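See structure below.
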Amino acid sequence: MTDPGDEELVVTDSGGTMRLLAGPIAPEVAPDLELLEILRTPYDVPVRAAGTAPYLEAGAVVTWHYALGVDVLRVVRDDERGLVAWLPAGSERLAAVPRDGRGLRERSLEDRAALSASQDYDRLRRTWDGSGILRVAPTGVPWSIWYFWEDDGSFAGHYVNLELVHERPASGAARVITRDLTLDLWLDAGGRTWLKDEDELAAFTSAGHFAEEQADVIRSLVDRVLHELVGPRAWPLDEDWESWRPPPEIDHPLTLPDHLEIR
């Protein structure tokens with residue numbers, strides 16, 4: 001994996017670490033994504049690959065499933081390239097909440113990892129308390145790109161969330177299904193690339209949440225992102241989504257659908 005620069009290390013608001021990636025990009029190694037597929041939460045309906053018809057209509061509400069967590073978004077565009085969707089501030093979401101009442105930010109990494117392994121939490125309805133974000137899920141790749149803006153409307157940066165390749169119900173229902181892979185990248189507005197939560201991945205691996213070979217595959221995805229997305233400025237980075245702002249008719253809080261199965 002590309003080496004982080006030792007001279008730049010910051011602690012994020014969530015308590016994780018973020019390192020500046022420096023130096024030449026390591027040669028790309030094709031990761032064995034099948035090693036990660038066993039992490040996928042079994043789904044009780046037939047699924048299909050994302051990026052194939054039928055596509056979701058602009059303005060439709062779509063639920064974005066991360067195993068136990070579910071967010072609800074408004075479709076901006078959906079086609080063979082992938083899904084573009086808006087998550088309005090204040091929208092309802094389904095979250096895994098620790099049963100002891102202590103928030104994740106109050107815990108050490110080791111405690112978070114142990115909690116995840118024990119599954120000692122409940123799935124509860126909560127509210128997205130951040131600002132609105134644009135999420136893009138390109139077809140067939142194990143990541144999504146989140147666009148963040150400052151309170152004054154200026155663009156803050158891209159968050160590349162490593163996650164399983166998206167699937168959808170074969171029925172065409174408005175859901176996307178994936179699973180978070182812990183490690184992420186932050187592309188700041190100044191053009192620098194940061195590696196985020198490497199320490200969290202190590203803690204979760206030590207706790208048995210990931211096998212060592214799975215953690216190695218996840219780390220190798222960083223170089224794949226650099227080669228396939230960041231370096232060539234591939235879609236969606238080659239479109240001007242940074243200057244896009246949601247029209248008023250879609251920028252209001254969404255609620256979880258009544259038919260959503262809480263499992």
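Residues are referred to by chain and number: the chain letter is A, B, ... according to the order shown in the structure tokens, the number counts from 1 in that chain, and ligands are numbered separately from 1 in the order shown.
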Please report, as a VMD selection string, each residue of stretch 30-129 of chain A to which DSSP assigns alpha helix (DSSP H) when run on this structure's backbone.
chain A and resid 34 to 37 109 to 118
Per residue of stretch 41-70 of chain A within 9 Å of stretch 75-95 of chain A, what are the shortest atom pair and its distance in Å to one decimal, counting only C-alpha atoms, with rows by chain and residue number, as CSV?
residue,atom,partner,partner_atom,distance
A:Ala50,CA,A:Gly82,CA,7.3
A:Gly51,CA,A:Glu80,CA,4.5
A:Thr52,CA,A:Glu80,CA,5.9
A:Ala53,CA,A:Asp79,CA,7.8
A:Pro54,CA,A:Asp79,CA,8.9
A:Tyr55,CA,A:Asp78,CA,5.8
A:Leu56,CA,A:Asp78,CA,5.8
A:Glu57,CA,A:Val75,CA,6.9
A:Ala58,CA,A:Val75,CA,5.0
A:Gly59,CA,A:Val75,CA,5.1
A:Ala60,CA,A:Val75,CA,5.3
A:Val61,CA,A:Val75,CA,6.2
A:Val62,CA,A:Val75,CA,6.7
A:Leu68,CA,A:Ala95,CA,6.8
A:Gly69,CA,A:Ala95,CA,4.8
A:Val70,CA,A:Leu94,CA,4.9
Just-selected residues, C-alpha atoms written as a compact mmCIF listing (two decimals), in the first residue's frame:
# COMPACT_ATOMS: atom_id res chain seq x y z
CA ALA A 50 -26.15 -2.24 -9.43
CA GLY A 51 -25.71 -0.33 -12.68
CA THR A 52 -28.25 -2.31 -14.70
CA ALA A 53 -31.86 -1.52 -15.58
CA PRO A 54 -34.39 -0.84 -14.20
CA TYR A 55 -32.94 2.44 -12.95
CA LEU A 56 -34.39 4.64 -10.24
CA GLU A 57 -36.18 7.80 -11.30
CA ALA A 58 -34.85 11.21 -10.31
CA GLY A 59 -36.67 12.38 -7.20
CA ALA A 60 -37.39 8.87 -5.94
CA VAL A 61 -36.55 7.97 -2.35
CA VAL A 62 -33.92 5.24 -1.97
CA LEU A 68 -27.41 -2.82 10.31
CA GLY A 69 -27.42 0.87 9.38
CA VAL A 70 -29.85 2.40 6.88
Which value, in Å to one decimal, gives the distance between atom CA of A:Glu106 and atom CA of A:Asp188?
26.5 Å
Show me a table, sorted first by chain and then by increasing residue number, of the residues of stretch 144-170 of chain A having an atom at most 12 Å from stretch 178-185 of chain A, each with its shortest atom pair and the distance in Å to one decimal, counting only C-alpha atoms and written as a tab-separated table.
residue	atom	partner	partner_atom	distance
A:Ser144	CA	A:Asp184	CA	9.9
A:Ile145	CA	A:Leu185	CA	9.5
A:Trp146	CA	A:Leu185	CA	10.4
A:Gly157	CA	A:Leu185	CA	10.5
A:His158	CA	A:Leu185	CA	8.3
A:Tyr159	CA	A:Leu185	CA	5.9
A:Val160	CA	A:Leu185	CA	5.0
A:Asn161	CA	A:Asp184	CA	4.9
A:Leu162	CA	A:Leu181	CA	5.4
A:Glu163	CA	A:Asp180	CA	4.4
A:Leu164	CA	A:Thr178	CA	5.1
A:Val165	CA	A:Thr178	CA	6.4
A:His166	CA	A:Thr178	CA	5.1
A:Glu167	CA	A:Thr178	CA	6.6
A:Arg168	CA	A:Thr178	CA	9.0
A:Pro169	CA	A:Thr178	CA	11.7
As a check of understanding: the span from atom CA of A:Glu37 to atom CA of A:Asp120 is 23.5 Å
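For the pair atom CA of A:Arg224 and atom CA of A:Pro24, the separation is 13.6 Å.
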Can you list every residue in stretch 36-135 of chain A that DSSP puts in strand (DSSP E), as JSON, numbers by chain?
{"A": [47, 48, 49, 61, 62, 63, 64, 65, 66, 69, 70, 71, 72, 73, 74, 75, 76, 77, 78, 79, 82, 83, 84, 85, 86, 87, 92, 93, 94, 95, 96, 97, 98, 121, 122, 123, 124, 125, 126, 127, 133, 134, 135]}
Quick one: of A:Glu242, A:Arg74, A:Thr193, A:Leu21, who's nearest to A:Glu150, counting only C-alpha atoms?
A:Glu242
For a quick check of understanding, using only C-alpha atoms, which of A:Ser171, A:Ile25, A:Ala113, A:Glu8 has the smallest distance to A:His227?
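For A:His227, the nearest of the candidates is A:Ile25.
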Proximity check stretch 8-69 of chain A to stretch 206-214 of chain A, 10 Å, nearest pairs one decimal Å, only C-alpha atoms, as a tab-separated table:
residue	atom	partner	partner_atom	distance
A:Pro31	CA	A:Gln214	CA	9.7
A:Asp32	CA	A:Gln214	CA	8.9
A:Leu33	CA	A:Gln214	CA	8.7
A:Glu34	CA	A:Gln214	CA	9.5
A:Leu35	CA	A:Gln214	CA	6.0
A:Leu36	CA	A:Gln214	CA	6.2
A:Glu37	CA	A:Gln214	CA	9.8
A:Ile38	CA	A:Gln214	CA	9.9
A:Leu39	CA	A:Phe210	CA	8.5
Let's have the selection written as a JSON list (two decimals), in the first residue's frame, with C-alpha atoms.
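selection.json was written with the following content:
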[["chain", "number", "residue", "atom", "x", "y", "z"],
["A", 31, "PRO", "CA", -7.38, -7.54, -4.75],
["A", 32, "ASP", "CA", -9.41, -10.72, -4.32],
["A", 33, "LEU", "CA", -12.78, -9.18, -3.51],
["A", 34, "GLU", "CA", -14.27, -12.63, -2.97],
["A", 35, "LEU", "CA", -12.50, -12.67, 0.39],
["A", 36, "LEU", "CA", -14.73, -9.76, 1.40],
["A", 37, "GLU", "CA", -18.01, -11.16, 0.12],
["A", 38, "ILE", "CA", -18.43, -13.37, 3.19],
["A", 39, "LEU", "CA", -18.80, -10.11, 5.15]]
All residues 10 Å or closer to A:Leu115, only C-alpha atoms, same chain fewer than 5 positions away omitted, as a list of chain:residue names:
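Close residues of A:Leu115: A:Pro98, A:Arg99, A:Leu104, A:Arg107, A:Leu109, A:Glu110, A:Asp120, A:Tyr121, A:Phe204, A:Ala207.
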Please, could you write that set of residues out with C-alpha atoms as a PDB file, in the first residue's frame?
ATOM      1  CA  PRO A  98     -24.901   0.567  22.093  1.00  0.00           C
ATOM      2  CA  ARG A  99     -27.222  -0.853  24.746  1.00  0.00           C
ATOM      3  CA  LEU A 104     -18.977   5.537  20.136  1.00  0.00           C
ATOM      4  CA  ARG A 107     -15.000   4.726  23.667  1.00  0.00           C
ATOM      5  CA  LEU A 109     -10.833   1.930  19.528  1.00  0.00           C
ATOM      6  CA  GLU A 110     -10.429  -1.383  21.325  1.00  0.00           C
ATOM      7  CA  ASP A 120     -24.334  -5.559  22.020  1.00  0.00           C
ATOM      8  CA  TYR A 121     -26.492  -2.854  20.480  1.00  0.00           C
ATOM      9  CA  PHE A 204     -11.209  -4.357  14.335  1.00  0.00           C
ATOM     10  CA  ALA A 207     -10.816  -8.198  17.623  1.00  0.00           C
TER      11      ALA A 207
END
